[in-house]
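Contents: one structure, followed by commentary.
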Protein chains: 2
Amino acid sequence: MELVAEKTSGGGSSARKPRTRDAEATKARILDAAKREFAKNGLGGARVDVIAEKARANKRMIYHYFESKEGLFQTVLENAYVDIRTAEQKLNLDHLAPKEALERLVRFTWDYYLKNPEFITLVNSENLHRAKHLKKSEIVKVYSRKFVSMVKTILDRGVAAGVFRDGVDPVQLNITIAAIGYYYLTNRFTGSIVFERDLLAKDALEERLRFNIDTIMRLVAT
Amino acid sequence: MELVAEKTSGGGSSARKPRTRDAEATKARILDAAKREFAKNGLGGARVDVIAEKARANKRMIYHYFESKEGLFQTVLENAYVDIRTAEQKLNLDHLAPKEALERLVRFTWDYYLKNPEFITLVNSENLHRAKHLKKSEIVKVYSRKFVSMVKTILDRGVAAGVFRDGVDPVQLNITIAAIGYYYLTNRFTGSIVFERDLLAKDALEERLRFNIDTIMRLVAT
DNA sequence: TCGTTAATGCACTAACTGGTTACTTTTTAG
DNA sequence: CTAAAAAGTAACCAGTTAGTGCATTAACGA
């Protein structure tokens, strides 16, 4: 049943045949299951047995490929960061007018958090552990640099075009763009109680996005 | 009920007998230890034995007073909310000019998160559990209402005085004030890596507070 | 076809975990 | 002074947990 890949042996260096054993596929299934389990219960609350079961893999495989529960978490977290940073790069904001580019980034950030709630939960978990896993990741640092410079470019272009005021710190702006979406979504459950409205209702979400775009635009306006 | 005060001592107002057994004190020690342990490791990661040890109490006492680990968590969380809402009410913002009042609230929120980091972690934990504990708390809802109306009053006063624009939703404003501080602080560890600067350095904190006040002021400005 | 290597599965464990039972000691009402 | 209630303790339990040892099976190069 695990023989999946219809990949008939093609040319090239790695002629893929249908395999009953497929390390890559098993690894991928484990990572996917782990992402969901870690996101749902945090690093401490996640159960290795549950991950193995969800991945339709043997627990032994987890330790074979990822060494430990923490090793698995680290890989999951690293992938999550690479995924969002990659998606951001694909936005191609340099082709847009500064205002449009900024709005698009705010929109993207919001949509990404909304569609990938596990990213938020993983980051929360990692901060509970004082970023001990992320610290070890070199790749994340490289991606982050590109991300910060992306926002700086938009800002600089906007200032040059006279549509943004000067002196806005790109890092602070970055943090703020993330914050106004992240906070709303990560605290959607307690927030819905405290503010006595369903923060996840369709129009509530739309209203918040509009508010966030407005907040950022006013922040950089001349 | 458990009020133990000077029942026996009669006349001498402060003639508290040193007690070797003190239910209230033990409860308080347990709650304090629990707050720290839950904040540090989350609900799932916290260990009941550790809480008992930190509180210099027997584990049995925890179950005696709080029924279960989750019951203890709920009480800790409830107290945390009551504490922050009480502190907010004490700000007495109604006596200040609208702009001052708003700035003071932004400042307070930031300082409170900074001085009580466990509040943030507890809220994060609770959201991981979809607010199942907070849902049961009536007292929190009452306090929350007062809190929201406080911001609404400031906003209304500002509009009337012509210093704030009309049409800003007090709930969205509230969320935003919390967000720009909360996000920065809860993600201070991963943030320090991603942005390659020490977000907790004294001047970084001051700069962020200034930026946040600016953000909110621009948001409500006419 | 065969031998080596990588992938997989099963059964196990040592340490832990939340929660409890049975008991002792202190406080306090009458 | 006494009896009962409240406060406190230690040992224990049953179920879990991350992590392993070892046998087995498939893939693949020669």
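Letters for chains follow the order of the structure tokens (A, B, ...), residue numbers begin at 1 for each chain, and ligand numbers begin at 1 in the order shown.
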
Skip stretch 21-30 of chain C itself and residues of its chain fewer than 6 positions away, then list as a PDB file with all heavy atoms, in the first residue's frame all residues within 10 Å of it, counting only C-alpha atoms (C1' of nucleotides).
```
ATOM      1  N   THR B   8      -8.205  34.524  67.686  1.00  0.00           N
ATOM      2  CA  THR B   8      -7.903  34.089  69.050  1.00  0.00           C
ATOM      3  C   THR B   8      -7.292  35.190  69.881  1.00  0.00           C
ATOM      4  O   THR B   8      -7.550  35.288  71.069  1.00  0.00           O
ATOM      5  CB  THR B   8      -6.920  32.904  69.017  1.00  0.00           C
ATOM      6  OG1 THR B   8      -5.976  33.165  67.994  1.00  0.00           O
ATOM      7  CG2 THR B   8      -7.664  31.636  68.741  1.00  0.00           C
ATOM      8  N   ARG B  19       2.095  30.752  62.397  1.00  0.00           N
ATOM      9  CA  ARG B  19       1.434  29.472  62.236  1.00  0.00           C
ATOM     10  C   ARG B  19       2.359  28.522  61.498  1.00  0.00           C
ATOM     11  O   ARG B  19       3.030  28.905  60.563  1.00  0.00           O
ATOM     12  CB  ARG B  19       0.155  29.641  61.440  1.00  0.00           C
ATOM     13  CG  ARG B  19      -0.691  30.785  61.932  1.00  0.00           C
ATOM     14  CD  ARG B  19      -1.937  30.876  61.106  1.00  0.00           C
ATOM     15  NE  ARG B  19      -2.924  29.940  61.577  1.00  0.00           N
ATOM     16  CZ  ARG B  19      -3.907  29.487  60.816  1.00  0.00           C
ATOM     17  NH1 ARG B  19      -3.964  29.828  59.562  1.00  0.00           N
ATOM     18  NH2 ARG B  19      -4.791  28.668  61.308  1.00  0.00           N
ATOM     19  N   THR B  20       2.354  27.321  61.919  1.00  0.00           N
ATOM     20  CA  THR B  20       3.123  26.337  61.178  1.00  0.00           C
ATOM     21  C   THR B  20       2.285  25.817  60.020  1.00  0.00           C
ATOM     22  O   THR B  20       2.812  25.292  59.061  1.00  0.00           O
ATOM     23  CB  THR B  20       3.518  25.174  62.087  1.00  0.00           C
ATOM     24  OG1 THR B  20       2.343  24.711  62.753  1.00  0.00           O
ATOM     25  CG2 THR B  20       4.548  25.623  63.105  1.00  0.00           C
ATOM     26  N   ARG B  21       0.990  25.986  60.166  1.00  0.00           N
ATOM     27  CA  ARG B  21       0.101  25.568  59.085  1.00  0.00           C
ATOM     28  C   ARG B  21      -0.752  26.748  58.675  1.00  0.00           C
ATOM     29  O   ARG B  21      -1.437  27.344  59.494  1.00  0.00           O
ATOM     30  CB  ARG B  21      -0.801  24.441  59.539  1.00  0.00           C
ATOM     31  CG  ARG B  21      -0.015  23.223  59.845  1.00  0.00           C
ATOM     32  CD  ARG B  21      -0.913  22.076  60.099  1.00  0.00           C
ATOM     33  NE  ARG B  21      -0.128  20.868  60.090  1.00  0.00           N
ATOM     34  CZ  ARG B  21      -0.653  19.656  60.001  1.00  0.00           C
ATOM     35  NH1 ARG B  21      -1.949  19.510  59.931  1.00  0.00           N
ATOM     36  NH2 ARG B  21       0.121  18.613  59.983  1.00  0.00           N
ATOM     37  N   ASP B  22      -0.722  27.064  57.409  1.00  0.00           N
ATOM     38  CA  ASP B  22      -1.458  28.230  56.941  1.00  0.00           C
ATOM     39  C   ASP B  22      -1.961  27.961  55.533  1.00  0.00           C
ATOM     40  O   ASP B  22      -1.208  28.041  54.564  1.00  0.00           O
ATOM     41  CB  ASP B  22      -0.525  29.444  56.976  1.00  0.00           C
ATOM     42  CG  ASP B  22      -1.280  30.729  56.692  1.00  0.00           C
ATOM     43  OD1 ASP B  22      -2.286  30.666  55.961  1.00  0.00           O
ATOM     44  OD2 ASP B  22      -0.864  31.781  57.193  1.00  0.00           O
TER      45      ASP B  22
ATOM     46  P    DT D   2      -9.118  15.273  78.052  1.00  0.00           P
ATOM     47  OP1  DT D   2      -9.547  14.148  78.929  1.00  0.00           O
ATOM     48  OP2  DT D   2      -7.705  15.365  77.612  1.00  0.00           O
ATOM     49  O5'  DT D   2     -10.083  15.306  76.796  1.00  0.00           O
ATOM     50  C5'  DT D   2     -11.465  15.608  76.978  1.00  0.00           C
ATOM     51  C4'  DT D   2     -12.121  15.703  75.619  1.00  0.00           C
ATOM     52  O4'  DT D   2     -11.935  17.024  75.060  1.00  0.00           O
ATOM     53  C3'  DT D   2     -11.581  14.728  74.574  1.00  0.00           C
ATOM     54  O3'  DT D   2     -12.663  14.267  73.795  1.00  0.00           O
ATOM     55  C2'  DT D   2     -10.655  15.589  73.744  1.00  0.00           C
ATOM     56  C1'  DT D   2     -11.433  16.900  73.740  1.00  0.00           C
ATOM     57  N1   DT D   2     -10.659  18.136  73.435  1.00  0.00           N
ATOM     58  C2   DT D   2     -11.264  19.119  72.704  1.00  0.00           C
ATOM     59  O2   DT D   2     -12.390  19.038  72.277  1.00  0.00           O
ATOM     60  N3   DT D   2     -10.477  20.235  72.489  1.00  0.00           N
ATOM     61  C4   DT D   2      -9.165  20.433  72.920  1.00  0.00           C
ATOM     62  O4   DT D   2      -8.578  21.474  72.677  1.00  0.00           O
ATOM     63  C5   DT D   2      -8.597  19.356  73.684  1.00  0.00           C
ATOM     64  C7   DT D   2      -7.202  19.468  74.201  1.00  0.00           C
ATOM     65  C6   DT D   2      -9.357  18.263  73.895  1.00  0.00           C
ATOM     66  P    DA D   3     -12.720  12.782  73.264  1.00  0.00           P
ATOM     67  OP1  DA D   3     -13.488  11.949  74.230  1.00  0.00           O
ATOM     68  OP2  DA D   3     -11.344  12.386  72.895  1.00  0.00           O
ATOM     69  O5'  DA D   3     -13.592  12.943  71.950  1.00  0.00           O
ATOM     70  C5'  DA D   3     -14.728  13.809  71.963  1.00  0.00           C
ATOM     71  C4'  DA D   3     -14.843  14.513  70.621  1.00  0.00           C
ATOM     72  O4'  DA D   3     -13.909  15.628  70.560  1.00  0.00           O
ATOM     73  C3'  DA D   3     -14.539  13.622  69.420  1.00  0.00           C
ATOM     74  O3'  DA D   3     -15.500  13.878  68.415  1.00  0.00           O
ATOM     75  C2'  DA D   3     -13.135  14.067  68.987  1.00  0.00           C
ATOM     76  C1'  DA D   3     -13.160  15.542  69.363  1.00  0.00           C
ATOM     77  N9   DA D   3     -11.841  16.127  69.628  1.00  0.00           N
ATOM     78  C8   DA D   3     -10.771  15.524  70.237  1.00  0.00           C
ATOM     79  N7   DA D   3      -9.716  16.310  70.356  1.00  0.00           N
ATOM     80  C5   DA D   3     -10.127  17.502  69.775  1.00  0.00           C
ATOM     81  C6   DA D   3      -9.478  18.742  69.590  1.00  0.00           C
ATOM     82  N6   DA D   3      -8.228  18.985  69.974  1.00  0.00           N
ATOM     83  N1   DA D   3     -10.182  19.728  68.987  1.00  0.00           N
ATOM     84  C2   DA D   3     -11.436  19.474  68.600  1.00  0.00           C
ATOM     85  N3   DA D   3     -12.165  18.358  68.721  1.00  0.00           N
ATOM     86  C4   DA D   3     -11.442  17.410  69.323  1.00  0.00           C
ATOM     87  P    DA D   4     -15.760  12.928  67.221  1.00  0.00           P
ATOM     88  OP1  DA D   4     -17.080  12.295  67.441  1.00  0.00           O
ATOM     89  OP2  DA D   4     -14.547  12.095  67.041  1.00  0.00           O
ATOM     90  O5'  DA D   4     -15.878  13.925  65.998  1.00  0.00           O
ATOM     91  C5'  DA D   4     -16.416  15.228  66.206  1.00  0.00           C
ATOM     92  C4'  DA D   4     -15.730  16.223  65.315  1.00  0.00           C
ATOM     93  O4'  DA D   4     -14.439  16.617  65.871  1.00  0.00           O
ATOM     94  C3'  DA D   4     -15.429  15.680  63.912  1.00  0.00           C
ATOM     95  O3'  DA D   4     -15.736  16.706  62.989  1.00  0.00           O
ATOM     96  C2'  DA D   4     -13.918  15.433  63.944  1.00  0.00           C
ATOM     97  C1'  DA D   4     -13.478  16.590  64.826  1.00  0.00           C
ATOM     98  N9   DA D   4     -12.148  16.436  65.431  1.00  0.00           N
ATOM     99  C8   DA D   4     -11.586  15.304  65.965  1.00  0.00           C
ATOM    100  N7   DA D   4     -10.377  15.491  66.434  1.00  0.00           N
ATOM    101  C5   DA D   4     -10.126  16.830  66.195  1.00  0.00           C
ATOM    102  C6   DA D   4      -9.005  17.647  66.458  1.00  0.00           C
ATOM    103  N6   DA D   4      -7.890  17.220  67.049  1.00  0.00           N
ATOM    104  N1   DA D   4      -9.084  18.947  66.087  1.00  0.00           N
ATOM    105  C2   DA D   4     -10.201  19.384  65.495  1.00  0.00           C
ATOM    106  N3   DA D   4     -11.316  18.711  65.194  1.00  0.00           N
ATOM    107  C4   DA D   4     -11.208  17.433  65.578  1.00  0.00           C
ATOM    108  P    DA D   5     -16.144  16.416  61.505  1.00  0.00           P
ATOM    109  OP1  DA D   5     -17.621  16.504  61.417  1.00  0.00           O
ATOM    110  OP2  DA D   5     -15.431  15.186  61.074  1.00  0.00           O
ATOM    111  O5'  DA D   5     -15.514  17.653  60.745  1.00  0.00           O
ATOM    112  C5'  DA D   5     -15.523  18.942  61.369  1.00  0.00           C
ATOM    113  C4'  DA D   5     -14.246  19.678  61.027  1.00  0.00           C
ATOM    114  O4'  DA D   5     -13.142  19.190  61.820  1.00  0.00           O
ATOM    115  C3'  DA D   5     -13.817  19.547  59.556  1.00  0.00           C
ATOM    116  O3'  DA D   5     -13.580  20.849  59.055  1.00  0.00           O
ATOM    117  C2'  DA D   5     -12.531  18.721  59.622  1.00  0.00           C
ATOM    118  C1'  DA D   5     -11.999  19.111  60.995  1.00  0.00           C
ATOM    119  N9   DA D   5     -11.091  18.138  61.595  1.00  0.00           N
ATOM    120  C8   DA D   5     -11.289  16.798  61.752  1.00  0.00           C
ATOM    121  N7   DA D   5     -10.292  16.177  62.351  1.00  0.00           N
ATOM    122  C5   DA D   5      -9.376  17.186  62.605  1.00  0.00           C
ATOM    123  C6   DA D   5      -8.111  17.187  63.216  1.00  0.00           C
ATOM    124  N6   DA D   5      -7.521  16.087  63.714  1.00  0.00           N
ATOM    125  N1   DA D   5      -7.462  18.361  63.313  1.00  0.00           N
ATOM    126  C2   DA D   5      -8.046  19.468  62.822  1.00  0.00           C
ATOM    127  N3   DA D   5      -9.235  19.594  62.219  1.00  0.00           N
ATOM    128  C4   DA D   5      -9.860  18.411  62.146  1.00  0.00           C
ATOM    129  P    DA D   6     -13.348  21.101  57.524  1.00  0.00           P
ATOM    130  OP1  DA D   6     -14.210  22.231  57.110  1.00  0.00           O
ATOM    131  OP2  DA D   6     -13.408  19.811  56.822  1.00  0.00           O
ATOM    132  O5'  DA D   6     -11.849  21.609  57.517  1.00  0.00           O
ATOM    133  C5'  DA D   6     -11.422  22.581  58.471  1.00  0.00           C
ATOM    134  C4'  DA D   6      -9.912  22.617  58.495  1.00  0.00           C
ATOM    135  O4'  DA D   6      -9.412  21.448  59.174  1.00  0.00           O
ATOM    136  C3'  DA D   6      -9.274  22.625  57.098  1.00  0.00           C
ATOM    137  O3'  DA D   6      -8.325  23.684  57.075  1.00  0.00           O
ATOM    138  C2'  DA D   6      -8.604  21.258  56.989  1.00  0.00           C
ATOM    139  C1'  DA D   6      -8.307  20.944  58.444  1.00  0.00           C
ATOM    140  N9   DA D   6      -8.209  19.526  58.777  1.00  0.00           N
ATOM    141  C8   DA D   6      -9.107  18.532  58.502  1.00  0.00           C
ATOM    142  N7   DA D   6      -8.753  17.347  58.955  1.00  0.00           N
ATOM    143  C5   DA D   6      -7.526  17.582  59.581  1.00  0.00           C
ATOM    144  C6   DA D   6      -6.629  16.738  60.264  1.00  0.00           C
ATOM    145  N6   DA D   6      -6.834  15.423  60.437  1.00  0.00           N
ATOM    146  N1   DA D   6      -5.504  17.303  60.773  1.00  0.00           N
ATOM    147  C2   DA D   6      -5.311  18.615  60.587  1.00  0.00           C
ATOM    148  N3   DA D   6      -6.080  19.513  59.973  1.00  0.00           N
ATOM    149  C4   DA D   6      -7.187  18.920  59.479  1.00  0.00           C
ATOM    150  P    DA D   7      -7.468  23.968  55.782  1.00  0.00           P
ATOM    151  OP1  DA D   7      -7.235  25.427  55.710  1.00  0.00           O
ATOM    152  OP2  DA D   7      -8.038  23.230  54.630  1.00  0.00           O
ATOM    153  O5'  DA D   7      -6.095  23.261  56.192  1.00  0.00           O
ATOM    154  C5'  DA D   7      -5.355  23.815  57.275  1.00  0.00           C
ATOM    155  C4'  DA D   7      -4.032  23.091  57.379  1.00  0.00           C
ATOM    156  O4'  DA D   7      -4.279  21.722  57.744  1.00  0.00           O
ATOM    157  C3'  DA D   7      -3.231  23.053  56.066  1.00  0.00           C
ATOM    158  O3'  DA D   7      -1.907  23.452  56.377  1.00  0.00           O
ATOM    159  C2'  DA D   7      -3.324  21.597  55.623  1.00  0.00           C
ATOM    160  C1'  DA D   7      -3.498  20.864  56.941  1.00  0.00           C
ATOM    161  N9   DA D   7      -4.224  19.589  56.881  1.00  0.00           N
ATOM    162  C8   DA D   7      -5.425  19.338  56.278  1.00  0.00           C
ATOM    163  N7   DA D   7      -5.851  18.085  56.425  1.00  0.00           N
ATOM    164  C5   DA D   7      -4.838  17.495  57.178  1.00  0.00           C
ATOM    165  C6   DA D   7      -4.674  16.179  57.671  1.00  0.00           C
ATOM    166  N6   DA D   7      -5.560  15.202  57.471  1.00  0.00           N
ATOM    167  N1   DA D   7      -3.556  15.911  58.377  1.00  0.00           N
ATOM    168  C2   DA D   7      -2.676  16.889  58.586  1.00  0.00           C
ATOM    169  N3   DA D   7      -2.715  18.178  58.177  1.00  0.00           N
ATOM    170  C4   DA D   7      -3.838  18.403  57.470  1.00  0.00           C
ATOM    171  P    DG D   8      -0.830  23.554  55.214  1.00  0.00           P
ATOM    172  OP1  DG D   8       0.200  24.531  55.632  1.00  0.00           O
ATOM    173  OP2  DG D   8      -1.517  23.683  53.918  1.00  0.00           O
ATOM    174  O5'  DG D   8      -0.168  22.096  55.292  1.00  0.00           O
ATOM    175  C5'  DG D   8       0.550  21.747  56.488  1.00  0.00           C
ATOM    176  C4'  DG D   8       0.995  20.320  56.390  1.00  0.00           C
ATOM    177  O4'  DG D   8      -0.157  19.455  56.382  1.00  0.00           O
ATOM    178  C3'  DG D   8       1.779  19.963  55.120  1.00  0.00           C
ATOM    179  O3'  DG D   8       3.113  19.664  55.488  1.00  0.00           O
ATOM    180  C2'  DG D   8       1.046  18.766  54.527  1.00  0.00           C
ATOM    181  C1'  DG D   8       0.212  18.283  55.700  1.00  0.00           C
ATOM    182  N9   DG D   8      -1.003  17.582  55.318  1.00  0.00           N
ATOM    183  C8   DG D   8      -2.101  18.088  54.654  1.00  0.00           C
ATOM    184  N7   DG D   8      -3.045  17.198  54.463  1.00  0.00           N
ATOM    185  C5   DG D   8      -2.535  16.034  55.026  1.00  0.00           C
ATOM    186  C6   DG D   8      -3.113  14.744  55.116  1.00  0.00           C
ATOM    187  O6   DG D   8      -4.211  14.347  54.703  1.00  0.00           O
ATOM    188  N1   DG D   8      -2.265  13.844  55.767  1.00  0.00           N
ATOM    189  C2   DG D   8      -1.022  14.154  56.265  1.00  0.00           C
ATOM    190  N2   DG D   8      -0.352  13.168  56.859  1.00  0.00           N
ATOM    191  N3   DG D   8      -0.478  15.362  56.200  1.00  0.00           N
ATOM    192  C4   DG D   8      -1.288  16.249  55.569  1.00  0.00           C
ATOM    193  P    DT D   9       4.180  19.396  54.373  1.00  0.00           P
ATOM    194  OP1  DT D   9       5.469  19.925  54.873  1.00  0.00           O
ATOM    195  OP2  DT D   9       3.664  19.809  53.057  1.00  0.00           O
ATOM    196  O5'  DT D   9       4.243  17.811  54.415  1.00  0.00           O
ATOM    197  C5'  DT D   9       4.455  17.163  55.665  1.00  0.00           C
ATOM    198  C4'  DT D   9       4.495  15.670  55.464  1.00  0.00           C
ATOM    199  O4'  DT D   9       3.156  15.168  55.258  1.00  0.00           O
ATOM    200  C3'  DT D   9       5.324  15.203  54.262  1.00  0.00           C
ATOM    201  O3'  DT D   9       6.407  14.440  54.746  1.00  0.00           O
ATOM    202  C2'  DT D   9       4.342  14.387  53.411  1.00  0.00           C
ATOM    203  C1'  DT D   9       3.216  14.068  54.380  1.00  0.00           C
ATOM    204  N1   DT D   9       1.868  13.963  53.764  1.00  0.00           N
ATOM    205  C2   DT D   9       1.228  12.750  53.760  1.00  0.00           C
ATOM    206  O2   DT D   9       1.706  11.733  54.229  1.00  0.00           O
ATOM    207  N3   DT D   9      -0.018  12.769  53.184  1.00  0.00           N
ATOM    208  C4   DT D   9      -0.667  13.866  52.621  1.00  0.00           C
ATOM    209  O4   DT D   9      -1.781  13.763  52.132  1.00  0.00           O
ATOM    210  C5   DT D   9       0.073  15.105  52.653  1.00  0.00           C
ATOM    211  C7   DT D   9      -0.536  16.341  52.080  1.00  0.00           C
ATOM    212  C6   DT D   9       1.293  15.103  53.213  1.00  0.00           C
ATOM    213  P    DA D  10       7.632  14.136  53.839  1.00  0.00           P
ATOM    214  OP1  DA D  10       8.830  14.277  54.701  1.00  0.00           O
ATOM    215  OP2  DA D  10       7.522  14.912  52.589  1.00  0.00           O
ATOM    216  O5'  DA D  10       7.439  12.598  53.499  1.00  0.00           O
ATOM    217  C5'  DA D  10       7.162  11.696  54.570  1.00  0.00           C
ATOM    218  C4'  DA D  10       6.712  10.369  54.007  1.00  0.00           C
ATOM    219  O4'  DA D  10       5.353  10.493  53.514  1.00  0.00           O
ATOM    220  C3'  DA D  10       7.552   9.864  52.824  1.00  0.00           C
ATOM    221  O3'  DA D  10       7.808   8.492  53.031  1.00  0.00           O
ATOM    222  C2'  DA D  10       6.658  10.121  51.618  1.00  0.00           C
ATOM    223  C1'  DA D  10       5.276   9.933  52.219  1.00  0.00           C
ATOM    224  N9   DA D  10       4.209  10.636  51.522  1.00  0.00           N
ATOM    225  C8   DA D  10       4.248  11.904  50.999  1.00  0.00           C
ATOM    226  N7   DA D  10       3.120  12.276  50.441  1.00  0.00           N
ATOM    227  C5   DA D  10       2.291  11.182  50.610  1.00  0.00           C
ATOM    228  C6   DA D  10       0.950  10.952  50.233  1.00  0.00           C
ATOM    229  N6   DA D  10       0.198  11.848  49.583  1.00  0.00           N
ATOM    230  N1   DA D  10       0.412   9.753  50.535  1.00  0.00           N
ATOM    231  C2   DA D  10       1.171   8.866  51.184  1.00  0.00           C
ATOM    232  N3   DA D  10       2.436   8.961  51.600  1.00  0.00           N
ATOM    233  C4   DA D  10       2.945  10.164  51.277  1.00  0.00           C
ATOM    234  P    DA D  11       8.854   7.718  52.124  1.00  0.00           P
ATOM    235  OP1  DA D  11       9.867   7.131  53.030  1.00  0.00           O
ATOM    236  OP2  DA D  11       9.279   8.565  50.987  1.00  0.00           O
ATOM    237  O5'  DA D  11       7.942   6.540  51.578  1.00  0.00           O
ATOM    238  C5'  DA D  11       6.932   5.996  52.410  1.00  0.00           C
ATOM    239  C4'  DA D  11       5.890   5.322  51.545  1.00  0.00           C
ATOM    240  O4'  DA D  11       4.993   6.321  50.993  1.00  0.00           O
ATOM    241  C3'  DA D  11       6.474   4.547  50.354  1.00  0.00           C
ATOM    242  O3'  DA D  11       5.885   3.261  50.318  1.00  0.00           O
ATOM    243  C2'  DA D  11       6.113   5.414  49.158  1.00  0.00           C
ATOM    244  C1'  DA D  11       4.803   6.058  49.616  1.00  0.00           C
ATOM    245  N9   DA D  11       4.486   7.320  48.966  1.00  0.00           N
ATOM    246  C8   DA D  11       5.334   8.378  48.732  1.00  0.00           C
ATOM    247  N7   DA D  11       4.755   9.402  48.124  1.00  0.00           N
ATOM    248  C5   DA D  11       3.447   8.981  47.952  1.00  0.00           C
ATOM    249  C6   DA D  11       2.326   9.607  47.384  1.00  0.00           C
ATOM    250  N6   DA D  11       2.350  10.828  46.857  1.00  0.00           N
ATOM    251  N1   DA D  11       1.167   8.915  47.373  1.00  0.00           N
ATOM    252  C2   DA D  11       1.135   7.691  47.902  1.00  0.00           C
ATOM    253  N3   DA D  11       2.119   7.000  48.473  1.00  0.00           N
ATOM    254  C4   DA D  11       3.264   7.712  48.467  1.00  0.00           C
ATOM    255  P    DC D  12       6.349   2.159  49.285  1.00  0.00           P
ATOM    256  OP1  DC D  12       6.336   0.870  49.994  1.00  0.00           O
ATOM    257  OP2  DC D  12       7.572   2.639  48.595  1.00  0.00           O
ATOM    258  O5'  DC D  12       5.155   2.176  48.236  1.00  0.00           O
ATOM    259  C5'  DC D  12       3.816   2.305  48.731  1.00  0.00           C
ATOM    260  C4'  DC D  12       2.900   2.714  47.609  1.00  0.00           C
ATOM    261  O4'  DC D  12       3.067   4.118  47.318  1.00  0.00           O
ATOM    262  C3'  DC D  12       3.153   1.983  46.282  1.00  0.00           C
ATOM    263  O3'  DC D  12       2.056   1.127  46.040  1.00  0.00           O
ATOM    264  C2'  DC D  12       3.292   3.097  45.257  1.00  0.00           C
ATOM    265  C1'  DC D  12       2.700   4.295  45.968  1.00  0.00           C
ATOM    266  N1   DC D  12       3.198   5.614  45.509  1.00  0.00           N
ATOM    267  C2   DC D  12       2.321   6.490  44.864  1.00  0.00           C
ATOM    268  O2   DC D  12       1.145   6.146  44.687  1.00  0.00           O
ATOM    269  N3   DC D  12       2.771   7.692  44.438  1.00  0.00           N
ATOM    270  C4   DC D  12       4.048   8.038  44.644  1.00  0.00           C
ATOM    271  N4   DC D  12       4.433   9.233  44.218  1.00  0.00           N
ATOM    272  C5   DC D  12       4.959   7.173  45.306  1.00  0.00           C
ATOM    273  C6   DC D  12       4.505   5.980  45.717  1.00  0.00           C
ATOM    274  P    DC D  13       2.209  -0.003  44.913  1.00  0.00           P
ATOM    275  OP1  DC D  13       1.609  -1.260  45.431  1.00  0.00           O
ATOM    276  OP2  DC D  13       3.598   0.001  44.379  1.00  0.00           O
ATOM    277  O5'  DC D  13       1.249   0.563  43.790  1.00  0.00           O
ATOM    278  C5'  DC D  13      -0.007   1.127  44.152  1.00  0.00           C
ATOM    279  C4'  DC D  13      -0.666   1.703  42.903  1.00  0.00           C
ATOM    280  O4'  DC D  13      -0.202   3.058  42.700  1.00  0.00           O
ATOM    281  C3'  DC D  13      -0.297   0.920  41.638  1.00  0.00           C
ATOM    282  O3'  DC D  13      -1.462   0.740  40.860  1.00  0.00           O
ATOM    283  C2'  DC D  13       0.719   1.827  40.948  1.00  0.00           C
ATOM    284  C1'  DC D  13       0.222   3.215  41.359  1.00  0.00           C
ATOM    285  N1   DC D  13       1.273   4.272  41.337  1.00  0.00           N
ATOM    286  C2   DC D  13       0.995   5.501  40.708  1.00  0.00           C
ATOM    287  O2   DC D  13      -0.118   5.678  40.207  1.00  0.00           O
ATOM    288  N3   DC D  13       1.963   6.455  40.691  1.00  0.00           N
ATOM    289  C4   DC D  13       3.154   6.223  41.252  1.00  0.00           C
ATOM    290  N4   DC D  13       4.065   7.189  41.202  1.00  0.00           N
ATOM    291  C5   DC D  13       3.453   4.979  41.885  1.00  0.00           C
ATOM    292  C6   DC D  13       2.494   4.038  41.889  1.00  0.00           C
TER     293       DC D  13
END
```

Exercise. DSSP says helix (DSSP H, G or I) for which residues of stretch 34-207 of chain A? Put them as a ChimeraX atom specification?
Worked result: /A:34-45,48-54,59-66,69-89,93-95,98-115,117-128,134-136,138-160,170-186,188-194,202-207

For this session: Within 9 Å of chain A, which residues of chain B are there when counting only C-alpha atoms? Please give them as a ChimeraX atom specification.
Result: /B:39-46,121,123-124,126-132,134-135,140-141,143-145,148,171-172,175-184,186-191,193-196,208,211-212,214-216,218-219

For this session: Can you check which residues of chain B have any atom within 12 Å of chain D? Use only C-alpha atoms (C1' of nucleotides) and format it as a PyMOL selection string.
Result: chain B and resi 2+19-27+56-62+64-65

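If you lay chain B over chain A with a least-squares fit on the Cα atoms, the RMSD you get is 3.2 Å.
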
Problem set entry | For atom CA of A:Glu88 and atom CA of A:Leu31, the interatomic separation in Å (one decimal) |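 Pair atom CA of A:Glu88 / atom CA of A:Leu31 returns 21.9 Å.
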
Problem set entry | Distance in Å - atom CA of B:Leu77 versus atom CA of A:Ile120 |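 Going from atom CA of B:Leu77 over to atom CA of A:Ile120 covers 21.3 Å.
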
For this session: Could you tell me which of A:Tyr113, A:Gln74, A:Thr222, A:Ala55 comes closest to A:Asp166 if we count only C-alpha atoms?
Result: A:Thr222

Problem set entry | Contacts of A:Glu100 within 10 Å, only C-alpha atoms (C1' of nucleotides), excl. fewer than 6 positions in-chain, as an NGL selection string | :A and (93 or 106 or 154)

Dump as a tab-separated table the rows for residues of chain C within 12 Å of chain A: closest atom pair and distance in Å with one decimal, only C-alpha atoms (C1' of nucleotides) counted, ordered by chain and rising residue number.
```
residue	atom	partner	partner_atom	distance
C:DA6	C1'	A:Ala23	CA	8.8
C:DA7	C1'	A:Arg21	CA	6.5
C:DT8	C1'	A:Asn58	CA	7.3
C:DG9	C1'	A:Asn58	CA	6.9
C:DC10	C1'	A:Asn58	CA	9.8
C:DA11	C1'	A:Arg60	CA	11.9
```
